[in-house]
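I have placed the structure first, in the form of C-alpha cells, so that the comments after it can refer back to it.
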Amino acid sequence: MSPPQLPPANAILNPKLIAESSPYRGVAGVGVAYILAISLAQQLGKIKGLVKPLLELFTLGTIADLAPLTGVNRRWVKRGLQQLPHSQIPGVQALIQVSGVKGKQVASPGELGANPPQTLKPDDIGFRLGPRINAIGRIADPQIVIELLTTDDPGIALTRAMQCEQINQTRQQLCEQIETEAILIVEKLYASSLHQDRVLVVVQPNWHHGVIGIVASRLLERYGVPVFIGTYEAESSGGGSSVPETFQETENLGDDASLRDDEAQIRGSARGIPEFHVFAALEACKDLLGKFGGHKAAGGFSFPATNLAQLRSRLVTFANQCLQSEHLKPLLKVDAQLKIDQINLSLYEQTLALNPCGIENPSPVFWTANVRVIEQKPIGKGHIKLTVSDGTNKLTAIAWRWGDYFPLPPSIDIAYKLRENTWNGNTNVELELIGARLANPSQLCFSPLAPHSAKFDYKQRHYTCGFFPTNSLLELRIKNDLGKVLAIQSGQNTGLLGTNRENAITVDLFQPKFYNLVQAALKALEIIDKNASS
C-alpha cells in the first residue's frame, strides 16, 4: 500500500500510483525492476542480450510473488514461460533440474497440428520453482539465491540449487509441524467461537516467523476466516519450532503474553478472505502495533506482547463490522457444468489456450452433479485420491489437503479444475477437486423403535450416542470424550454443537466432517438394533 502522504523525491516508482486502468498497474517489485533495467539499458545502448534472461527472472518473480496475471504481466509472463525450458541462465537450468519440472509442448488455437515450442505452466513456478527460491529468504541466507541466479558456473549453480532443494524440505517440515500445533490450539481454544469472532488470532512461542505466513494461508483455507498468526521474536529467531513445555499455560484467552516479560515483541503475518481488508484491519489497530504493512489480502505486523488481548478484541470487533456469517466458508464460483463423458484430454488442451492462469486470471472451474465415489484412499500428507463415476464413465481425482474429510460421502456434487496426469508413459486428464457437497441433500430423519445408546470410535476419538425424546421429536445426541455434544432433531439438516444448549452453535450437518460423524453414529446404533433384534 502507498502511504497517505508521499515522501519528497525526484521520482517514485510505484505502480499503485498510476491509473487503475493502466496495464502496468499490477506489476510487482520484480516488474518495477525489470522495466527500470530495460529502460536504462535502452537509453545506454546496452540492451543486446539482456531482454531474454531478464524476462525469465521477471516471470519467476511475478508468479512467485502472486502478482495478478493481467495487463503486461500476462503478456510478458506468457513469453517468459515459453523461454524458461530453454533458459541460458545456469541457475534457472539447475533449479528446473533438481525440482523435476519438465516443459510441455502446447499449441495455440491456430497452431493445431504444428510442432509447438515447449512451455512451462504457472503452477510449475508457483508450486515447484518458486517455493525453492522463497524458502531461502524465509529460513536461510538469501545470498544462496543471489549466487544461484547470477553465477555463470554450472557447477556452482547446481550446488546452490541443491541447497535450495534441501532448505525447502526443511521449510516444508517446519510448516507441517507448526500447522499441526496451530490446529491443536485452535480446536482446543477457539473452534467454538470462530463463528462469533469471525477472525482467528493465534500466537505461540517457538514458531519460526519465516514460515508462519504459509501456515496462516493454510489455516484460512481450513477455517474460512481471516487469520492473524504470530510468534515471539526472541523465541523464533533461532529457527526452532516446538510444542510449548506447558500447553496449559497458553490455554486462557489473552494470557499468552504472561509467558514473557513486558519487553517481549510478537511478530506475525495475516491472511484475509475477499470481504476482509487486512491492511485496513491493521490500520484500525495501529495504536496497539509497532510496525505493520500489507495490502487487502495479506500483511505483516509486530507489537508488544502485552497488547495481545487488546489486539485480539479489536480485530474481533473489526471483523464483525465487515463480515456476515455467509462470508465465512463462501460458495465457490464456477464457470460451467460438465458431464463426466465430456471430460477428456482434448478439452483439457483447449483450456490451456487461457494460460497463463493465476491471480486475477484463474483457471476455469467446472462442476458435475451427483457423481458416485467408487474408490477413495488417503495418500501422502493429508490428501485423498479417488475415482468418481456417473455409472458408465469414470475418472480419477485428487483432493489436496482434504484428509480431514475422509471418507467422502458416496454421492456428491463436485467442483474442480482439470489437470494432466502422466504415469508410465500414459497421459490422461484427471480432476483436482476444490469443492464438494452432498448430492441432492435431504433432511436427516430417524425413527428407531425405542431410545437406545451405543459407543463407537471415529477418527481416533471415543464417542457415545443415543436417541432421546424431546417434545414430539426424537433427538440424536453424539458426545465426544471431551464432553462436547452434537444434538440433531429428526427432520433437520442443522444441529447444535457445544457443551450445553446455552453456548451451542448451529452447524450444517451436510458438511463432510459432521455428515460422516452422524453416519458413523447411526451405523453404531444400527448394529446395536440388529443385535437386540437377533
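Each chain of the C-alpha cells is named A, B, ... in the order shown, its residues numbered from 1; ligands are numbered from 1 in display order.
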
Spatial neighbours of stretch 262-271 of chain A, max dist 8 Å, only C-alpha atoms, sep filter under 5 positions, as a list in words: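 Those residues are His209, Ile212, Gly213, Ala216, Ser217, Leu220, Pro226, Val227, Phe228, Ile229, Gly230, Thr231, Tyr232, Glu233, Ala234, Val278, Ala297, Ala298, Gly299, Gly300, Phe301, Ser302, Phe303, Pro304, Ala305 and Thr306 of chain A.
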
Surrounding residues of stretch 513-524 of chain A excluding itself and chain neighbours under 2 positions, 7 Å, only C-alpha atoms, as a list in words: Tyr405, Ala454, Phe456, Cys465, Leu509, Phe510, Gln511, Glu526, Ile527 and Ile528 of chain A

Pick out the residues sitting within 7 Å of A:Arg477, and hand them over as a PDB file with N, CA, C and O atoms, in the first residue's frame; count only C-alpha atoms, and ignore anything fewer than 3 positions along from it in its own chain.
ATOM      1  N   CYS A 465     -23.432 -42.281  21.752  1.00  0.00           N
ATOM      2  CA  CYS A 465     -24.545 -41.696  21.029  1.00  0.00           C
ATOM      3  C   CYS A 465     -25.840 -42.386  21.441  1.00  0.00           C
ATOM      4  O   CYS A 465     -25.825 -43.500  21.987  1.00  0.00           O
ATOM      5  N   GLY A 466     -26.943 -41.721  21.195  1.00  0.00           N
ATOM      6  CA  GLY A 466     -28.226 -42.314  21.528  1.00  0.00           C
ATOM      7  C   GLY A 466     -29.371 -41.419  21.103  1.00  0.00           C
ATOM      8  O   GLY A 466     -29.177 -40.238  20.770  1.00  0.00           O
ATOM      9  N   PHE A 467     -30.587 -41.991  21.088  1.00  0.00           N
ATOM     10  CA  PHE A 467     -31.798 -41.245  20.756  1.00  0.00           C
ATOM     11  C   PHE A 467     -32.506 -40.835  22.043  1.00  0.00           C
ATOM     12  O   PHE A 467     -32.625 -41.625  22.980  1.00  0.00           O
ATOM     13  N   VAL A 485     -21.190 -32.043  22.781  1.00  0.00           N
ATOM     14  CA  VAL A 485     -22.324 -32.802  22.257  1.00  0.00           C
ATOM     15  C   VAL A 485     -22.805 -32.188  20.944  1.00  0.00           C
ATOM     16  O   VAL A 485     -22.905 -30.961  20.807  1.00  0.00           O
ATOM     17  N   LEU A 486     -23.096 -33.061  19.970  1.00  0.00           N
ATOM     18  CA  LEU A 486     -23.775 -32.669  18.747  1.00  0.00           C
ATOM     19  C   LEU A 486     -25.201 -33.202  18.846  1.00  0.00           C
ATOM     20  O   LEU A 486     -25.415 -34.415  18.914  1.00  0.00           O
ATOM     21  N   ALA A 487     -26.190 -32.298  18.874  1.00  0.00           N
ATOM     22  CA  ALA A 487     -27.589 -32.679  19.037  1.00  0.00           C
ATOM     23  C   ALA A 487     -28.350 -32.393  17.742  1.00  0.00           C
ATOM     24  O   ALA A 487     -28.290 -31.293  17.199  1.00  0.00           O
ATOM     25  N   ILE A 488     -29.077 -33.428  17.244  1.00  0.00           N
ATOM     26  CA  ILE A 488     -29.779 -33.325  15.969  1.00  0.00           C
ATOM     27  C   ILE A 488     -31.209 -33.804  16.159  1.00  0.00           C
ATOM     28  O   ILE A 488     -31.440 -34.942  16.578  1.00  0.00           O
TER      29      ILE A 488
END

Atom pair atom CA of A:Pro85 / atom CA of A:Val51: separation (Å): 16.1 Å

Using only C-alpha atoms: which of A:Val186, A:Val92, A:Val371, A:Ser192 has the shortest distance to A:Asn503: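 Closest to A:Asn503, using only C-alpha atoms: A:Ser192.
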
Those in stretch 48-273 of chain A with alpha helix (DSSP H) from DSSP, as a PyMOL selection string: chain A and resi 51-64+71-83+90-99+122-124+130-139+143-150+154-185+194-197+212-223+233-236

Keeping only C-alpha atoms, write those residues as an mmCIF file, in the first residue's frame.
data_model
loop_
_atom_site.group_PDB
_atom_site.id
_atom_site.type_symbol
_atom_site.label_atom_id
_atom_site.label_comp_id
_atom_site.auth_asym_id
_atom_site.auth_seq_id
_atom_site.Cartn_x
_atom_site.Cartn_y
_atom_site.Cartn_z
ATOM 1 C CA VAL A 51 15.884 -8.952 -22.604
ATOM 2 C CA LYS A 52 15.674 -12.760 -22.631
ATOM 3 C CA PRO A 53 17.379 -13.515 -19.258
ATOM 4 C CA LEU A 54 15.700 -10.570 -17.561
ATOM 5 C CA LEU A 55 12.299 -11.679 -18.856
ATOM 6 C CA GLU A 56 12.900 -15.137 -17.363
ATOM 7 C CA LEU A 57 13.683 -13.640 -13.965
ATOM 8 C CA PHE A 58 10.646 -11.359 -14.290
ATOM 9 C CA THR A 59 8.460 -14.427 -14.940
ATOM 10 C CA LEU A 60 9.806 -16.316 -11.942
ATOM 11 C CA GLY A 61 9.350 -13.337 -9.638
ATOM 12 C CA THR A 62 5.915 -12.288 -10.877
ATOM 13 C CA ILE A 63 4.337 -15.707 -10.322
ATOM 14 C CA ALA A 64 6.211 -16.457 -7.098
ATOM 15 C CA GLY A 71 -2.094 -6.424 -18.250
ATOM 16 C CA VAL A 72 1.584 -6.522 -19.117
ATOM 17 C CA ASN A 73 2.164 -9.231 -16.525
ATOM 18 C CA ARG A 74 0.041 -11.653 -18.550
ATOM 19 C CA ARG A 75 1.700 -10.747 -21.844
ATOM 20 C CA TRP A 76 5.273 -10.929 -20.574
ATOM 21 C CA VAL A 77 4.770 -13.986 -18.377
ATOM 22 C CA LYS A 78 3.352 -15.928 -21.324
ATOM 23 C CA ARG A 79 6.543 -15.210 -23.278
ATOM 24 C CA GLY A 80 8.745 -15.949 -20.289
ATOM 25 C CA LEU A 81 7.100 -19.339 -19.671
ATOM 26 C CA GLN A 82 7.991 -20.337 -23.239
ATOM 27 C CA GLN A 83 11.609 -19.264 -22.730
ATOM 28 C CA PRO A 90 22.786 -21.714 -15.284
ATOM 29 C CA GLY A 91 20.902 -21.204 -12.024
ATOM 30 C CA VAL A 92 17.499 -21.492 -13.699
ATOM 31 C CA GLN A 93 18.631 -24.609 -15.564
ATOM 32 C CA ALA A 94 19.839 -26.153 -12.287
ATOM 33 C CA LEU A 95 16.650 -25.242 -10.439
ATOM 34 C CA ILE A 96 14.494 -26.823 -13.160
ATOM 35 C CA GLN A 97 16.673 -29.932 -12.994
ATOM 36 C CA VAL A 98 16.541 -30.500 -9.225
ATOM 37 C CA SER A 99 12.809 -29.730 -8.986
ATOM 38 C CA PRO A 122 2.371 -21.056 -13.920
ATOM 39 C CA ASP A 123 1.892 -23.966 -11.484
ATOM 40 C CA ASP A 124 5.414 -25.166 -12.327
ATOM 41 C CA GLY A 130 9.033 -20.533 -6.568
ATOM 42 C CA PRO A 131 8.887 -22.324 -3.196
ATOM 43 C CA ARG A 132 12.507 -23.452 -3.567
ATOM 44 C CA ILE A 133 13.577 -19.851 -4.091
ATOM 45 C CA ASN A 134 11.305 -18.393 -1.411
ATOM 46 C CA ALA A 135 12.393 -20.974 1.177
ATOM 47 C CA ILE A 136 15.859 -19.400 1.220
ATOM 48 C CA GLY A 137 14.528 -15.968 2.109
ATOM 49 C CA ARG A 138 12.289 -17.454 4.777
ATOM 50 C CA ILE A 139 14.731 -19.595 6.769
ATOM 51 C CA GLN A 143 22.954 -14.920 -0.656
ATOM 52 C CA ILE A 144 22.387 -18.534 -1.761
ATOM 53 C CA VAL A 145 19.689 -17.482 -4.232
ATOM 54 C CA ILE A 146 21.596 -14.377 -5.323
ATOM 55 C CA GLU A 147 24.557 -16.557 -6.276
ATOM 56 C CA LEU A 148 22.257 -19.170 -7.848
ATOM 57 C CA LEU A 149 20.763 -16.643 -10.252
ATOM 58 C CA THR A 150 23.909 -14.625 -11.008
ATOM 59 C CA PRO A 154 27.059 -24.510 -13.953
ATOM 60 C CA GLY A 155 28.763 -26.394 -11.109
ATOM 61 C CA ILE A 156 28.155 -23.604 -8.585
ATOM 62 C CA ALA A 157 24.607 -23.224 -9.899
ATOM 63 C CA LEU A 158 23.858 -26.917 -9.324
ATOM 64 C CA THR A 159 25.327 -26.784 -5.817
ATOM 65 C CA ARG A 160 23.189 -23.777 -4.912
ATOM 66 C CA ALA A 161 20.082 -25.373 -6.481
ATOM 67 C CA MET A 162 20.612 -28.495 -4.366
ATOM 68 C CA GLN A 163 20.899 -26.263 -1.300
ATOM 69 C CA CYS A 164 17.559 -24.707 -2.263
ATOM 70 C CA GLU A 165 16.069 -28.194 -2.500
ATOM 71 C CA GLN A 166 17.308 -29.221 0.948
ATOM 72 C CA ILE A 167 16.273 -25.954 2.607
ATOM 73 C CA ASN A 168 12.823 -26.185 1.014
ATOM 74 C CA GLN A 169 12.405 -29.652 2.527
ATOM 75 C CA THR A 170 13.261 -28.176 5.922
ATOM 76 C CA ARG A 171 10.744 -25.391 5.282
ATOM 77 C CA GLN A 172 8.059 -27.978 4.477
ATOM 78 C CA GLN A 173 8.762 -29.833 7.724
ATOM 79 C CA LEU A 174 8.576 -26.596 9.722
ATOM 80 C CA CYS A 175 5.264 -25.678 8.089
ATOM 81 C CA GLU A 176 3.756 -29.093 8.788
ATOM 82 C CA GLN A 177 4.882 -29.040 12.406
ATOM 83 C CA ILE A 178 3.625 -25.508 13.072
ATOM 84 C CA GLU A 179 0.351 -26.179 11.241
ATOM 85 C CA THR A 180 -0.266 -29.283 13.369
ATOM 86 C CA GLU A 181 0.408 -27.355 16.567
ATOM 87 C CA ALA A 182 -1.771 -24.443 15.436
ATOM 88 C CA ILE A 183 -4.703 -26.738 14.620
ATOM 89 C CA LEU A 184 -4.457 -28.341 18.065
ATOM 90 C CA ILE A 185 -4.603 -24.905 19.698
ATOM 91 C CA LEU A 194 -14.916 -18.755 15.359
ATOM 92 C CA HIS A 195 -18.429 -18.213 14.046
ATOM 93 C CA GLN A 196 -18.966 -15.375 16.518
ATOM 94 C CA ASP A 197 -15.442 -13.890 16.357
ATOM 95 C CA ILE A 212 4.070 -18.590 9.716
ATOM 96 C CA GLY A 213 2.636 -16.712 6.723
ATOM 97 C CA ILE A 214 2.333 -20.024 4.879
ATOM 98 C CA VAL A 215 0.639 -21.557 7.916
ATOM 99 C CA ALA A 216 -1.750 -18.584 8.044
ATOM 100 C CA SER A 217 -2.832 -19.367 4.475
ATOM 101 C CA ARG A 218 -3.448 -22.998 5.381
ATOM 102 C CA LEU A 219 -5.497 -22.072 8.447
ATOM 103 C CA LEU A 220 -7.558 -19.660 6.347
ATOM 104 C CA GLU A 221 -8.217 -22.451 3.850
ATOM 105 C CA ARG A 222 -9.202 -24.786 6.678
ATOM 106 C CA TYR A 223 -11.423 -22.488 8.755
ATOM 107 C CA GLU A 233 10.550 -12.695 18.132
ATOM 108 C CA ALA A 234 13.130 -13.796 20.696
ATOM 109 C CA GLU A 235 11.832 -17.365 20.579
ATOM 110 C CA SER A 236 11.642 -17.721 16.808
#

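For stretch 331-342 of chain A, the non-local neighbours within 9 Å, defined as residues at least 6 positions apart in the same chain or in other chains and counting only C-alpha atoms, are Pro364, Val365, Phe366, Trp367, Thr368, Ala369, Val371, Val388, Ser389, Asp390, Thr392, Asn393, Lys394, Leu395, Ala415, Tyr416, Ile434 and Gly435 of chain A.
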
Dump of all heavy atoms for the selected residues, as a short mmCIF file (atom, residue, chain, number, x, y, z; two decimals), in the first residue's frame:
data_model
loop_
_atom_site.label_atom_id
_atom_site.label_comp_id
_atom_site.auth_asym_id
_atom_site.auth_seq_id
_atom_site.Cartn_x
_atom_site.Cartn_y
_atom_site.Cartn_z
N PRO A 364 -10.19 -22.12 -15.30
CA PRO A 364 -11.63 -22.38 -15.30
C PRO A 364 -12.01 -23.44 -14.27
O PRO A 364 -11.29 -24.42 -14.07
CB PRO A 364 -11.92 -22.85 -16.72
CG PRO A 364 -10.60 -23.27 -17.28
CD PRO A 364 -9.58 -22.44 -16.60
N VAL A 365 -13.13 -23.20 -13.61
CA VAL A 365 -13.65 -24.13 -12.60
C VAL A 365 -14.95 -24.74 -13.14
O VAL A 365 -15.86 -24.01 -13.56
CB VAL A 365 -13.91 -23.41 -11.26
CG1 VAL A 365 -14.60 -24.35 -10.26
CG2 VAL A 365 -12.61 -22.88 -10.69
N PHE A 366 -15.02 -26.06 -13.14
CA PHE A 366 -16.19 -26.78 -13.61
C PHE A 366 -16.87 -27.49 -12.45
O PHE A 366 -16.28 -27.66 -11.38
CB PHE A 366 -15.78 -27.81 -14.67
CG PHE A 366 -15.04 -27.23 -15.84
CD1 PHE A 366 -13.65 -27.32 -15.92
CD2 PHE A 366 -15.71 -26.57 -16.86
CE1 PHE A 366 -12.96 -26.78 -16.99
CE2 PHE A 366 -15.03 -26.02 -17.94
CZ PHE A 366 -13.66 -26.12 -18.01
N TRP A 367 -18.11 -27.91 -12.68
CA TRP A 367 -18.78 -28.71 -11.66
C TRP A 367 -19.62 -29.79 -12.32
O TRP A 367 -20.08 -29.65 -13.46
CB TRP A 367 -19.61 -27.85 -10.72
CG TRP A 367 -20.96 -27.43 -11.22
CD1 TRP A 367 -21.24 -26.43 -12.10
CD2 TRP A 367 -22.23 -27.98 -10.83
NE1 TRP A 367 -22.58 -26.31 -12.30
CE2 TRP A 367 -23.23 -27.25 -11.53
CE3 TRP A 367 -22.63 -29.00 -9.96
CZ2 TRP A 367 -24.59 -27.52 -11.40
CZ3 TRP A 367 -23.98 -29.26 -9.83
CH2 TRP A 367 -24.94 -28.54 -10.53
N THR A 368 -19.77 -30.88 -11.62
CA THR A 368 -20.56 -32.02 -12.08
C THR A 368 -21.45 -32.47 -10.94
O THR A 368 -20.98 -32.61 -9.80
CB THR A 368 -19.66 -33.17 -12.55
OG1 THR A 368 -18.82 -32.71 -13.61
CG2 THR A 368 -20.50 -34.34 -13.05
N ALA A 369 -22.72 -32.70 -11.26
CA ALA A 369 -23.69 -33.08 -10.23
C ALA A 369 -23.76 -34.59 -10.05
O ALA A 369 -23.59 -35.36 -11.01
CB ALA A 369 -25.07 -32.54 -10.61
N VAL A 371 -22.15 -37.33 -8.68
CA VAL A 371 -21.21 -38.39 -9.06
C VAL A 371 -21.08 -39.38 -7.91
O VAL A 371 -21.28 -39.04 -6.74
CB VAL A 371 -19.82 -37.83 -9.42
CG1 VAL A 371 -19.92 -36.88 -10.59
CG2 VAL A 371 -19.15 -37.15 -8.23
N VAL A 388 -14.25 -41.21 -9.42
CA VAL A 388 -15.66 -40.84 -9.46
C VAL A 388 -16.27 -41.37 -10.75
O VAL A 388 -15.58 -41.54 -11.77
CB VAL A 388 -15.86 -39.32 -9.35
CG1 VAL A 388 -15.35 -38.81 -8.02
CG2 VAL A 388 -15.16 -38.59 -10.49
N SER A 389 -17.58 -41.63 -10.70
CA SER A 389 -18.25 -42.24 -11.85
C SER A 389 -19.65 -41.68 -11.99
O SER A 389 -20.29 -41.28 -11.00
CB SER A 389 -18.29 -43.76 -11.68
OG SER A 389 -19.10 -44.36 -12.67
N ASP A 390 -20.16 -41.68 -13.23
CA ASP A 390 -21.56 -41.33 -13.48
C ASP A 390 -22.39 -42.59 -13.72
O ASP A 390 -23.54 -42.51 -14.16
CB ASP A 390 -21.69 -40.39 -14.67
CG ASP A 390 -21.13 -40.99 -15.97
OD1 ASP A 390 -20.71 -42.17 -15.96
OD2 ASP A 390 -21.12 -40.29 -16.99
N THR A 392 -21.41 -44.97 -15.84
CA THR A 392 -20.86 -45.56 -17.07
C THR A 392 -19.39 -45.20 -17.23
O THR A 392 -18.55 -46.06 -17.48
CB THR A 392 -21.64 -45.07 -18.30
OG1 THR A 392 -23.02 -45.37 -18.14
CG2 THR A 392 -21.12 -45.73 -19.57
N ASN A 393 -19.09 -43.92 -17.07
CA ASN A 393 -17.73 -43.42 -17.23
C ASN A 393 -17.13 -43.11 -15.86
O ASN A 393 -17.85 -42.80 -14.91
CB ASN A 393 -17.73 -42.15 -18.08
CG ASN A 393 -18.49 -42.33 -19.38
OD1 ASN A 393 -17.99 -42.92 -20.31
ND2 ASN A 393 -19.72 -41.81 -19.42
N LYS A 394 -15.82 -43.20 -15.77
CA LYS A 394 -15.16 -42.88 -14.51
C LYS A 394 -13.87 -42.11 -14.75
O LYS A 394 -13.25 -42.21 -15.81
CB LYS A 394 -14.89 -44.14 -13.69
CG LYS A 394 -13.97 -45.16 -14.35
CD LYS A 394 -13.82 -46.39 -13.45
CE LYS A 394 -12.85 -47.40 -14.08
NZ LYS A 394 -12.69 -48.59 -13.22
N LEU A 395 -13.49 -41.32 -13.75
CA LEU A 395 -12.27 -40.51 -13.81
C LEU A 395 -11.59 -40.52 -12.45
O LEU A 395 -12.26 -40.64 -11.41
CB LEU A 395 -12.61 -39.05 -14.16
CG LEU A 395 -12.92 -38.70 -15.62
CD1 LEU A 395 -13.41 -37.27 -15.70
CD2 LEU A 395 -11.69 -38.90 -16.50
N ALA A 415 -16.88 -29.66 -7.51
CA ALA A 415 -16.31 -28.55 -8.26
C ALA A 415 -14.83 -28.83 -8.41
O ALA A 415 -14.18 -29.31 -7.46
CB ALA A 415 -16.54 -27.23 -7.53
N TYR A 416 -14.26 -28.53 -9.58
CA TYR A 416 -12.90 -28.98 -9.84
C TYR A 416 -12.25 -28.19 -10.97
O TYR A 416 -12.91 -27.48 -11.73
CB TYR A 416 -12.91 -30.47 -10.22
CG TYR A 416 -13.87 -30.79 -11.35
CD1 TYR A 416 -13.50 -30.69 -12.68
CD2 TYR A 416 -15.19 -31.16 -11.06
CE1 TYR A 416 -14.38 -30.96 -13.71
CE2 TYR A 416 -16.09 -31.42 -12.08
CZ TYR A 416 -15.68 -31.31 -13.41
OH TYR A 416 -16.57 -31.56 -14.42
N ILE A 434 -11.83 -28.92 -5.77
CA ILE A 434 -11.69 -27.73 -4.94
C ILE A 434 -12.95 -27.50 -4.10
O ILE A 434 -12.98 -26.59 -3.27
CB ILE A 434 -11.38 -26.48 -5.78
CG1 ILE A 434 -12.47 -26.21 -6.81
CG2 ILE A 434 -10.03 -26.63 -6.47
CD1 ILE A 434 -12.30 -24.90 -7.55
N GLY A 435 -13.98 -28.31 -4.32
CA GLY A 435 -15.19 -28.18 -3.53
C GLY A 435 -16.08 -29.39 -3.71
O GLY A 435 -16.03 -30.08 -4.74
#

Between atom CA of A:Lys459 and atom CA of A:Lys377 - distance in Å to one decimal: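 Distance between the two atoms: 14.6 Å.
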
Distance in Å - atom CA of A:Gly425 versus atom CA of A:Gly100: 15.8 Å
